[in-house]
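Below: entry.txt (compact mmCIF, C-alpha atoms)
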# COMPACT_ATOMS: atom_id res chain seq x y z
CA MET A 1 121.06 114.27 77.56
CA LYS A 2 121.54 111.15 75.49
CA LEU A 3 121.76 108.03 77.64
CA TYR A 4 124.73 105.65 77.63
CA LYS A 5 125.51 102.50 79.61
CA TYR A 6 127.11 103.21 82.96
CA LYS A 7 130.00 100.74 82.73
CA HIS A 8 130.39 101.14 78.97
CA PRO A 9 129.91 104.86 78.33
CA GLU A 10 130.62 104.41 74.65
CA GLU A 11 127.50 102.21 74.26
CA PRO A 12 124.19 104.07 73.77
CA ILE A 13 121.03 102.86 75.50
CA TYR A 14 118.29 102.42 72.92
CA TYR A 15 114.58 101.82 73.15
CA PHE A 16 114.02 98.08 73.03
CA GLN A 17 114.94 96.52 69.67
CA THR A 18 115.38 99.90 67.98
CA ASN A 19 118.31 102.17 67.10
CA HIS A 20 116.55 105.14 68.72
CA GLN A 21 118.66 106.37 71.63
CA ILE A 22 116.94 107.37 74.86
CA GLU A 23 117.22 111.00 75.90
CA ILE A 24 116.83 112.31 79.44
CA PRO A 25 115.39 115.84 79.75
CA GLU A 26 117.63 118.35 81.46
CA ASP A 27 114.65 119.86 83.29
CA PHE A 28 112.71 118.11 86.01
CA ASN A 29 108.96 118.52 86.46
CA LEU A 30 108.09 118.03 90.13
CA LYS A 31 104.68 116.34 90.30
CA ASP A 32 102.05 117.02 92.94
CA PHE A 33 102.05 113.48 94.36
CA ARG A 34 105.29 112.15 95.87
CA ALA A 35 105.08 109.05 98.05
CA MET A 36 106.94 106.18 99.65
CA TRP A 37 105.85 102.69 100.60
CA VAL A 38 106.26 101.80 104.28
CA SER A 39 106.55 98.02 104.42
CA ASN A 40 105.54 96.36 107.69
CA VAL A 41 105.50 92.70 106.69
CA LEU A 42 108.47 90.96 108.36
CA ASN A 43 109.07 94.37 110.01
CA ILE A 44 111.03 95.52 106.96
CA ASP A 45 110.66 99.23 107.69
CA LEU A 46 109.43 99.51 111.27
CA PRO A 47 109.74 97.40 114.45
CA THR A 48 106.91 96.02 116.55
CA VAL A 49 105.33 98.07 119.35
CA GLU A 50 106.76 95.80 122.04
CA ASP A 51 108.96 98.80 122.87
CA ILE A 52 106.30 101.43 122.29
CA ASP A 53 108.57 104.41 123.01
CA ASN A 54 111.08 103.21 120.43
CA TYR A 55 108.27 102.54 117.94
CA GLN A 56 106.91 106.05 118.26
CA ILE A 57 110.39 107.51 117.81
CA LYS A 58 110.83 105.44 114.63
CA VAL A 59 107.47 106.58 113.23
CA ILE A 60 108.29 110.25 113.86
CA GLU A 61 111.70 109.72 112.22
CA MET A 62 109.93 108.23 109.22
CA LEU A 63 107.58 111.20 108.90
CA GLU A 64 110.40 113.70 109.32
CA THR A 65 112.30 111.83 106.61
CA CYS A 66 109.30 112.36 104.34
CA ILE A 67 109.47 116.10 104.98
CA SER A 68 113.22 116.23 104.35
CA TYR A 69 112.70 114.56 100.94
CA ASN A 70 109.62 116.62 100.05
CA ILE A 71 107.47 113.46 100.17
CA ASN A 72 103.80 114.29 100.75
CA ALA A 73 102.13 110.85 100.95
CA ILE A 74 102.80 107.44 102.44
CA PHE A 75 101.46 104.03 101.53
CA PHE A 76 101.55 102.52 105.02
CA GLN A 77 101.06 98.76 105.16
CA VAL A 78 98.18 97.94 107.51
CA ARG A 79 97.22 94.45 106.29
CA THR A 80 100.19 92.15 105.76
CA THR A 81 99.01 88.55 106.25
CA ASN A 82 95.23 88.59 106.68
CA ASP A 83 95.64 90.71 109.81
CA ALA A 84 95.34 94.33 110.91
CA PHE A 85 97.45 97.20 112.23
CA TYR A 86 94.22 98.68 113.55
CA GLU A 87 91.25 97.83 115.74
CA SER A 88 89.00 95.49 113.79
CA LYS A 89 86.05 93.19 114.34
CA LEU A 90 86.99 91.23 111.22
CA ASN A 91 90.76 90.79 111.50
CA PRO A 92 93.20 90.12 114.35
CA TYR A 93 96.01 92.48 115.29
CA SER A 94 99.13 91.70 113.26
CA ARG A 95 102.10 89.78 114.64
CA TYR A 96 104.21 92.43 112.86
CA LEU A 97 102.59 95.11 115.01
CA THR A 98 102.51 93.56 118.48
CA GLY A 99 104.80 90.52 118.22
CA LYS A 100 101.95 88.00 118.41
CA GLU A 101 98.88 87.77 116.21
CA GLY A 102 95.79 88.92 118.07
CA LYS A 103 97.68 90.66 120.87
CA LYS A 104 96.26 94.13 121.53
CA PRO A 105 98.64 97.12 121.36
CA PRO A 106 98.82 99.60 124.26
CA PHE A 107 96.61 102.09 122.37
CA ASP A 108 95.16 102.70 118.91
CA VAL A 109 98.50 102.92 117.14
CA LEU A 110 97.11 103.50 113.65
CA LYS A 111 94.93 106.39 114.81
CA TRP A 112 98.02 107.99 116.34
CA ILE A 113 100.11 107.44 113.19
CA ILE A 114 97.42 109.00 111.00
CA GLU A 115 97.16 112.00 113.32
CA GLU A 116 100.92 112.52 113.24
CA THR A 117 100.92 112.13 109.45
CA LYS A 118 98.14 114.67 108.94
CA LYS A 119 99.86 117.15 111.30
CA ARG A 120 102.67 117.25 108.75
CA LYS A 121 100.30 117.64 105.79
CA ILE A 122 101.20 114.18 104.50
CA GLU A 123 98.50 111.99 102.92
CA PHE A 124 97.88 108.60 104.51
CA HIS A 125 97.01 105.69 102.21
CA ALA A 126 96.31 102.37 103.93
CA TRP A 127 98.24 99.68 102.06
CA CYS A 128 96.52 96.29 102.20
CA ASN A 129 97.41 92.89 100.84
CA PRO A 130 94.02 91.39 99.93
CA TYR A 131 94.71 87.63 99.80
CA ARG A 132 97.94 86.66 101.58
CA VAL A 133 97.54 84.67 104.80
CA SER A 134 101.11 83.49 105.44
CA MET A 135 104.68 84.09 104.42
CA LYS A 136 107.00 81.19 103.62
CA SER A 137 107.00 78.82 106.55
CA SER A 138 108.21 75.37 107.53
CA MET A 139 104.76 74.75 109.03
CA THR A 140 102.03 72.86 107.26
CA LYS A 141 98.84 74.69 106.43
CA ASP A 142 97.04 73.14 109.40
CA GLU A 143 99.90 73.93 111.78
CA TYR A 144 100.08 77.55 110.67
CA LEU A 145 96.33 78.18 110.89
CA LYS A 146 96.21 76.56 114.32
CA ASP A 147 98.83 79.08 115.43
CA CYS A 148 96.72 82.02 114.16
CA ASP A 149 94.37 84.05 116.31
CA ASP A 150 90.77 82.82 116.45
CA LEU A 151 89.57 85.99 114.72
CA ASN A 152 91.62 85.20 111.62
CA PHE A 153 89.21 84.60 108.71
CA ALA A 154 91.45 81.88 107.28
CA LYS A 155 91.52 80.00 110.58
CA LYS A 156 87.72 80.20 110.82
CA HIS A 157 87.33 79.12 107.18
CA PRO A 158 90.27 76.94 106.10
CA GLU A 159 88.06 75.62 103.29
CA LEU A 160 88.27 79.11 101.73
CA THR A 161 92.08 79.01 101.41
CA VAL A 162 94.51 77.61 98.85
CA LEU A 163 98.28 77.15 98.71
CA ASP A 164 100.94 78.38 96.34
CA LYS A 165 103.73 76.10 95.14
CA ASN A 166 105.96 77.26 98.02
CA GLY A 167 103.37 76.35 100.63
CA GLN A 168 102.22 79.90 101.34
CA ILE A 169 98.54 80.20 102.25
CA ILE A 170 96.28 82.65 100.43
CA LEU A 171 92.56 83.24 100.51
CA ASN A 172 90.94 81.56 97.51
CA PRO A 173 90.13 84.40 95.09
CA ALA A 174 87.39 82.28 93.48
CA LYS A 175 85.19 82.14 96.59
CA LYS A 176 82.35 84.66 96.88
CA GLU A 177 82.79 84.65 100.67
CA VAL A 178 86.42 85.73 100.22
CA LYS A 179 85.46 88.51 97.82
CA GLN A 180 82.88 89.86 100.26
CA PHE A 181 85.28 89.55 103.21
CA ILE A 182 87.89 91.66 101.42
CA ILE A 183 85.34 94.32 100.52
CA ASP A 184 83.94 94.34 104.06
CA SER A 185 87.45 94.66 105.52
CA MET A 186 88.22 97.67 103.33
CA VAL A 187 84.93 99.36 104.23
CA GLU A 188 85.49 98.79 107.96
CA LEU A 189 88.97 100.30 107.73
CA ALA A 190 87.83 103.33 105.72
CA LYS A 191 84.82 103.87 107.99
CA ASN A 192 86.79 103.85 111.23
CA TYR A 193 90.01 105.64 110.26
CA ASP A 194 90.75 108.98 108.60
CA VAL A 195 92.54 107.52 105.57
CA ASP A 196 92.99 109.39 102.30
CA GLY A 197 93.09 106.17 100.33
CA ILE A 198 93.08 102.39 100.25
CA HIS A 199 95.98 100.82 98.38
CA PHE A 200 96.52 97.26 97.06
CA ASP A 201 99.94 95.98 96.05
CA ASP A 202 100.83 93.48 93.29
CA TYR A 203 99.95 90.24 95.07
CA PHE A 204 96.79 88.69 93.63
CA TYR A 205 97.10 85.11 92.43
CA PRO A 206 100.57 84.16 93.71
CA TYR A 207 103.76 84.66 91.70
CA ALA A 208 104.78 81.04 92.36
CA GLY A 209 101.51 79.65 90.97
CA LEU A 210 98.97 77.55 92.84
CA ASP A 211 99.72 74.18 94.38
CA GLU A 212 98.86 71.13 92.26
CA ASN A 213 96.55 69.72 94.93
CA ASN A 214 95.28 72.74 96.87
CA ASN A 215 93.96 75.20 94.31
CA ASP A 216 90.85 76.63 92.63
CA PHE A 217 90.32 73.93 89.98
CA ALA A 218 87.10 72.70 91.60
CA ASP A 219 85.72 76.25 91.53
CA PHE A 220 86.69 76.60 87.87
CA ALA A 221 84.86 73.36 87.05
CA VAL A 222 81.56 74.83 88.29
CA ARG A 223 82.04 78.32 86.79
CA THR A 224 78.92 80.01 85.47
CA ASN A 225 80.52 81.11 82.19
CA HIS A 226 81.75 77.94 80.48
CA SER A 227 83.34 79.92 77.65
CA HIS A 228 85.92 81.22 80.14
CA THR A 229 89.38 79.71 80.19
CA LEU A 230 91.08 79.21 83.55
CA GLY A 231 92.87 82.52 82.97
CA ASP A 232 89.60 84.32 82.17
CA PHE A 233 88.03 82.84 85.28
CA ARG A 234 90.86 83.96 87.54
CA ARG A 235 91.04 87.46 86.06
CA GLN A 236 87.30 87.86 86.58
CA ASN A 237 87.67 86.85 90.24
CA VAL A 238 90.33 89.49 90.86
CA SER A 239 88.55 92.19 88.84
CA GLU A 240 85.32 91.60 90.77
CA VAL A 241 87.18 92.43 94.00
CA ILE A 242 88.83 95.53 92.49
CA HIS A 243 85.49 96.79 91.17
CA GLY A 244 83.67 95.83 94.36
CA VAL A 245 86.12 97.64 96.64
CA HIS A 246 86.01 100.75 94.47
CA GLU A 247 82.21 100.83 94.43
CA ALA A 248 81.93 100.22 98.17
CA LEU A 249 84.43 102.94 99.04
CA LYS A 250 82.75 105.48 96.75
CA HIS A 251 79.42 104.67 98.36
CA LEU A 252 80.95 105.19 101.81
CA ASN A 253 82.93 108.34 101.01
CA PRO A 254 83.59 109.57 97.45
CA LYS A 255 86.71 111.41 98.65
CA ILE A 256 88.53 108.21 99.60
CA ARG A 257 90.76 107.15 96.73
CA PHE A 258 91.42 103.55 95.76
CA GLY A 259 94.51 102.49 93.87
CA VAL A 260 96.55 99.45 92.90
CA SER A 261 100.25 98.90 92.30
CA PRO A 262 100.50 96.07 89.76
CA PHE A 263 103.59 94.33 88.43
CA GLY A 264 104.97 96.68 85.78
CA ILE A 265 104.33 94.56 82.69
CA TRP A 266 100.71 93.89 81.76
CA LYS A 267 101.39 91.96 78.54
CA ASN A 268 104.12 91.90 75.92
CA LYS A 269 103.29 93.07 72.41
CA THR A 270 104.47 89.74 70.97
CA ASN A 271 101.56 88.09 72.78
CA ASP A 272 99.11 90.98 72.35
CA PRO A 273 99.40 94.00 70.03
CA LYS A 274 98.14 96.14 72.93
CA GLY A 275 101.08 95.04 75.08
CA SER A 276 104.36 96.79 75.84
CA ASN A 277 107.54 96.83 73.79
CA THR A 278 109.23 94.24 75.97
CA ASP A 279 110.73 90.83 75.39
CA PRO A 280 108.26 87.88 75.22
CA ARG A 281 110.35 86.18 77.92
CA CYS A 282 109.13 88.81 80.40
CA SER A 283 106.60 87.82 83.01
CA GLU A 284 103.12 89.25 82.45
CA SER A 285 100.74 90.18 85.26
CA TYR A 286 97.78 89.38 82.97
CA ASP A 287 98.65 85.67 82.89
CA ASN A 288 100.65 85.21 86.10
CA GLN A 289 98.91 87.21 88.81
CA TYR A 290 95.71 87.39 86.69
CA ALA A 291 95.70 91.14 87.26
CA ASP A 292 94.09 92.94 84.32
CA ALA A 293 95.26 96.48 85.03
CA TYR A 294 94.42 97.46 81.44
CA LEU A 295 90.77 96.66 82.14
CA TRP A 296 90.78 98.42 85.51
CA VAL A 297 92.03 101.64 83.92
CA LYS A 298 89.67 101.49 80.93
CA LYS A 299 86.65 100.71 83.15
CA GLY A 300 87.59 103.23 85.85
CA TYR A 301 87.73 100.58 88.59
CA VAL A 302 90.58 102.49 90.29
CA ASP A 303 91.30 106.13 91.06
CA TYR A 304 95.03 105.73 90.55
CA ILE A 305 97.44 103.10 89.28
CA VAL A 306 101.09 102.69 90.39
CA PRO A 307 102.90 100.28 88.04
CA GLN A 308 106.02 98.85 89.65
CA ILE A 309 108.63 99.68 87.00
CA TYR A 310 111.58 98.46 89.02
CA TRP A 311 113.93 97.87 86.08
CA GLU A 312 116.70 100.07 84.72
CA PHE A 313 116.86 101.89 81.39
CA GLY A 314 119.45 99.42 80.14
CA HIS A 315 117.65 96.24 81.17
CA PRO A 316 118.09 93.63 78.41
CA ILE A 317 114.45 92.50 78.21
CA ALA A 318 112.35 94.87 80.37
CA PRO A 319 113.72 98.40 79.88
CA PHE A 320 112.29 101.21 81.97
CA ALA A 321 111.57 103.69 79.15
CA ASP A 322 109.56 101.29 76.97
CA ILE A 323 107.43 100.16 79.91
CA LEU A 324 106.92 103.73 81.13
CA ASP A 325 105.83 104.83 77.66
CA TRP A 326 103.29 102.00 77.51
CA TRP A 327 101.64 103.14 80.74
CA VAL A 328 101.62 106.76 79.59
CA ASN A 329 99.80 105.75 76.40
CA LEU A 330 97.32 103.62 78.36
CA LEU A 331 96.42 106.52 80.64
CA LYS A 332 95.97 109.12 77.88
CA GLY A 333 92.45 110.54 78.10
CA SER A 334 91.76 108.60 81.30
CA HIS A 335 90.37 109.91 84.58
CA VAL A 336 92.72 107.54 86.43
CA ASP A 337 95.89 109.08 87.89
CA LEU A 338 99.21 107.51 86.93
CA TYR A 339 101.91 107.36 89.59
CA ILE A 340 105.19 105.63 88.73
CA GLY A 341 106.59 103.05 91.15
CA HIS A 342 110.40 103.38 91.30
CA GLY A 343 112.69 100.62 92.62
CA ALA A 344 114.92 102.93 94.65
CA TYR A 345 115.92 99.95 96.82
CA ARG A 346 117.97 98.67 93.87
CA LEU A 347 120.33 101.65 93.87
CA GLY A 348 123.91 100.44 94.17
CA ASN A 349 123.14 96.98 92.83
CA GLU A 350 125.51 95.65 90.20
CA GLY A 351 124.88 96.98 86.71
CA GLU A 352 123.04 100.12 85.68
CA PHE A 353 121.86 100.75 89.26
CA GLU A 354 125.49 101.38 90.20
CA ASN A 355 124.88 104.69 88.47
CA ILE A 356 123.85 107.05 91.27
CA PHE A 357 121.71 108.94 88.72
CA GLU A 358 119.62 105.94 87.62
CA ILE A 359 116.56 106.89 89.68
CA THR A 360 116.91 110.63 89.08
CA ASN A 361 117.14 109.91 85.35
CA GLN A 362 113.95 107.85 85.69
CA LEU A 363 112.24 110.74 87.47
CA LYS A 364 113.24 113.25 84.80
CA TYR A 365 112.19 110.90 82.01
CA ALA A 366 108.84 109.93 83.55
CA ASN A 367 107.83 113.40 84.67
CA GLN A 368 108.23 114.97 81.25
CA TYR A 369 104.82 113.44 80.44
CA PRO A 370 101.65 115.26 81.55
CA GLU A 371 99.97 111.85 82.01
CA VAL A 372 102.36 111.08 84.89
CA ASN A 373 100.84 112.54 88.05
CA GLY A 374 103.37 111.42 90.65
CA ASN A 375 106.18 109.16 91.83
CA VAL A 376 106.30 106.48 94.53
CA PHE A 377 109.47 104.92 95.97
CA PHE A 378 110.04 101.46 97.40
CA THR A 379 110.77 101.38 100.25
CA TYR A 380 111.14 103.71 103.28
CA LYS A 381 114.22 101.85 104.54
CA THR A 382 116.08 102.94 101.40
CA PHE A 383 115.71 106.59 102.46
CA ILE A 384 117.62 106.06 105.70
CA ASN A 385 120.04 103.24 104.85
CA GLN A 386 123.72 104.08 105.01
CA ASP A 387 124.63 101.43 102.45
CA GLN A 388 125.20 101.22 98.71
CA SER A 389 121.99 103.15 97.98
CA LYS A 390 123.06 106.21 99.98
CA MET A 391 124.67 108.23 97.18
CA GLY A 392 121.83 107.56 94.75
CA MET A 393 119.23 108.62 97.33
CA LYS A 394 121.25 111.77 98.00
CA GLU A 395 120.71 112.68 94.33
CA VAL A 396 116.99 111.86 94.62
CA LYS A 397 116.74 114.19 97.60
CA LYS A 398 118.47 117.02 95.71
CA LEU A 399 116.05 116.63 92.82
CA LEU A 400 112.86 116.40 94.89
CA THR A 401 113.78 119.35 97.12
CA ARG A 402 115.24 121.64 94.46
CA ARG A 403 112.10 123.74 94.13
CA VAL A 404 111.71 123.99 97.91
CA ILE A 405 115.30 125.25 98.21
CA ASP A 406 114.83 127.69 95.33
CA GLU A 407 111.66 129.08 96.93
CA LYS A 408 113.44 129.60 100.25
CA ASN A 409 116.21 131.47 98.47

Go through the file and emit its structure as structure tokens.
Amino acid sequence: MKLYKYKHPEEPIYYFQTNHQIEIPEDFNLKDFRAMWVSNVLNIDLPTVEDIDNYQIKVIEMLETCISYNINAIFFQVRTTNDAFYESKLNPYSRYLTGKEGKKPPFDVLKWIIEETKKRKIEFHAWCNPYRVSMKSSMTKDEYLKDCDDLNFAKKHPELTVLDKNGQIILNPAKKEVKQFIIDSMVELAKNYDVDGIHFDDYFYPYAGLDENNNDFADFAVRTNHSHTLGDFRRQNVSEVIHGVHEALKHLNPKIRFGVSPFGIWKNKTNDPKGSNTDPRCSESYDNQYADAYLWVKKGYVDYIVPQIYWEFGHPIAPFADILDWWVNLLKGSHVDLYIGHGAYRLGNEGEFENIFEITNQLKYANQYPEVNGNVFFTYKTFINQDQSKMGMKEVKKLLTRRVIDEKN
């Protein structure tokens, strides 16, 4: 099927800056890995356990929703803001779990969730944000840290934190103590809980950039490799953590998989011939979050990669197909699995996402490639919302469950 713009069906959708029209395969290849993100920061997808009966009902509803959509893995957020949704000697219980940071839940909630997940033959990947300490807040850094639990690493070591330009606190990626703390936290989690994987999202150096006065410039000034630019220095800091976590997990248990979900655009080909066919105005994770996913794949620092390709086919500067094709080419001949991150939450938004088939078209297009091993959807709430995304998700459900229905018949 040749692709045309939703609101202007006479206008073809081409690959970026070409006259080659995009075609969507009629057939759909269902991949072995089908997952959703379950976002706990700000209680986006689940409530706190202050009403534990209600919480357990919501978790079971979430898992049953997975089954109804033929989803067989979840990326469940267990570290949101330098905290824990599990029993830890290194991190306090999360305010998004119990209502107050450091407050103990009535029982080991994560252990129970994992057990319920495994009962349904669904993989459990523990989603962790490695650096973030706070969300946007009217508090100063000192006020916020004072309000944190005493176990919070950032409260114990405020000298190891920096600020972004919006005043959010993050652990300073340049500090060796921070790198080791992140690795230790991942090992503790993997050692104590029956997780199938550890998962990092796209937040490394902050999207907003670092504060002019509270940053890593002093660390850069005393770097060991003086040939490194500030960008080189920051990318090395992040890559050391990615490599270190991977090595530590493999040493602990080779079966535990480690993956990252970077911003969908590594670099643009205008800035680097190895980059994607996207507009040079596009943001690049290489120079903004200092996340060198290209390196991580080539060096085998991850077991899987989940690029967040949250744009539509007809996007004017960051079209889905061109970005998808770039990742497919990167992963050719690699031992790293490629899962595609789909922005299902955008269904119903003005523009191409008003097309209820936008995500199903993405699934058909992506899954025609043998290099694509699976699909991941952001976020769980989208699966149950009765809003503008409902009709699009109904089509996703039909597509993902088609084989199951056929087999039953």

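Closest approach to A:Asp108 from the set A:Ser88, A:Ile323, A:His226, A:Leu338 is made by A:Ser88, with distances taken over only C-alpha atoms.
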
Shell around A:Glu212 at 10 Å using all atoms listed in the file, local window under 2 positions removed, as a VMD selection string: chain A and resid 163 to 165 209 to 210 214 to 217

Atom-to-atom span, atom CA of A:Gly231 and atom CA of A:Asp292, Å: 10.6 Å

Against stretch 287-291 of chain A, which residues of stretch 194-228 of chain A fall within 8 Å? For each one I want the closest pair of atoms and the distance in Å (one decimal), counting only C-alpha atoms, rows by chain and increasing residue number, as a Markdown table.
| residue | atom | partner | partner_atom | distance |
| --- | --- | --- | --- | --- |
| A:Asp202 | CA | A:Gln289 | CA | 7.9 |
| A:Tyr203 | CA | A:Gln289 | CA | 7.0 |
| A:Phe204 | CA | A:Gln289 | CA | 5.5 |
| A:Tyr205 | CA | A:Gln289 | CA | 4.6 |
| A:Pro206 | CA | A:Gln289 | CA | 6.0 |
| A:Tyr207 | CA | A:Gln289 | CA | 6.2 |
| A:Gly209 | CA | A:Asn288 | CA | 7.4 |

Residue among A:Lys5, A:Arg223, A:Lys156, A:Arg257 lying closest to A:Gly314, counting all atoms listed in the file: A:Lys5

Shell of 12 Å around A:Asn385, all atoms listed in the file, local chain residues under 2 positions omitted, as a ChimeraX atom specification: /A:45,65,344-345,347-348,379-383,387-394

Expected answer as number ranges by chain: all residues with atoms within 12 Å of (97.3, 104.8, 73.8), all atoms listed in the file: A: 273-276, 294, 297-298, 325-334, 371

Nearest to A:Pro105 by atom-to-atom distance, counting all atoms listed in the file, from A:Leu230, A:Leu189, A:Ala84, A:Val178: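 Checking each candidate against A:Pro105, we get A:Ala84 as the closest.
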
Neighbour list for stretch 96-101 of chain A as a PyMOL selection string, cut-off 8 Å, all atoms listed in the file, skip fewer than 4 positions in-chain: chain A and resi 40-43+47-50+83+85+92+105+148-149

Counting all atoms listed in the file, the residue of A:Arg79, A:Asp194, A:Tyr93, A:Asp184 that sits nearest A:Phe124: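 Once distances to A:Phe124 are computed over all atoms listed in the file, the minimum belongs to A:Asp194.
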
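Note that the spacing between atom CA of A:Ile170 and atom CA of A:Val133 amounts to 5.0 Å.
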
Selected residue of minimal separation from A:His199 among A:Phe153, A:Tyr144, A:Phe233, A:Phe75, counting all atoms listed in the file: A:Phe75

For atom CA of A:Ile384 and atom CA of A:Phe107, the interatomic separation in Å (one decimal):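 Interatomic distance here is 27.1 Å.
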
Taking all listed atoms of stretch 316-321 of chain A, build the axis-aligned box, pad each of the six sides by 8 Å, then write its centre and edge lengths in Å to one decimal as AutoDock Vina command-line options.
--center_x 114.8 --center_y 98.1 --center_z 80.1 --size_x 22.5 --size_y 27.2 --size_z 19.8

Selection near A:Lys2, 10 Å with only C-alpha atoms, sequence-local residues under 6 positions removed, as a PyMOL selection string: chain A and resi 12-14+21-25

Which of A:Ile305, A:Asn72, A:Glu358, A:Glu87 sits closest to A:Val372 [using all atoms listed in the file]: A:Ile305

Spatial neighbours of A:His246, 8 Å, all atoms listed in the file, chain gap at least 3 places, as a list in words: Ile242, His243, Leu249, Lys250, Phe258, Tyr301 and Val302 of chain A
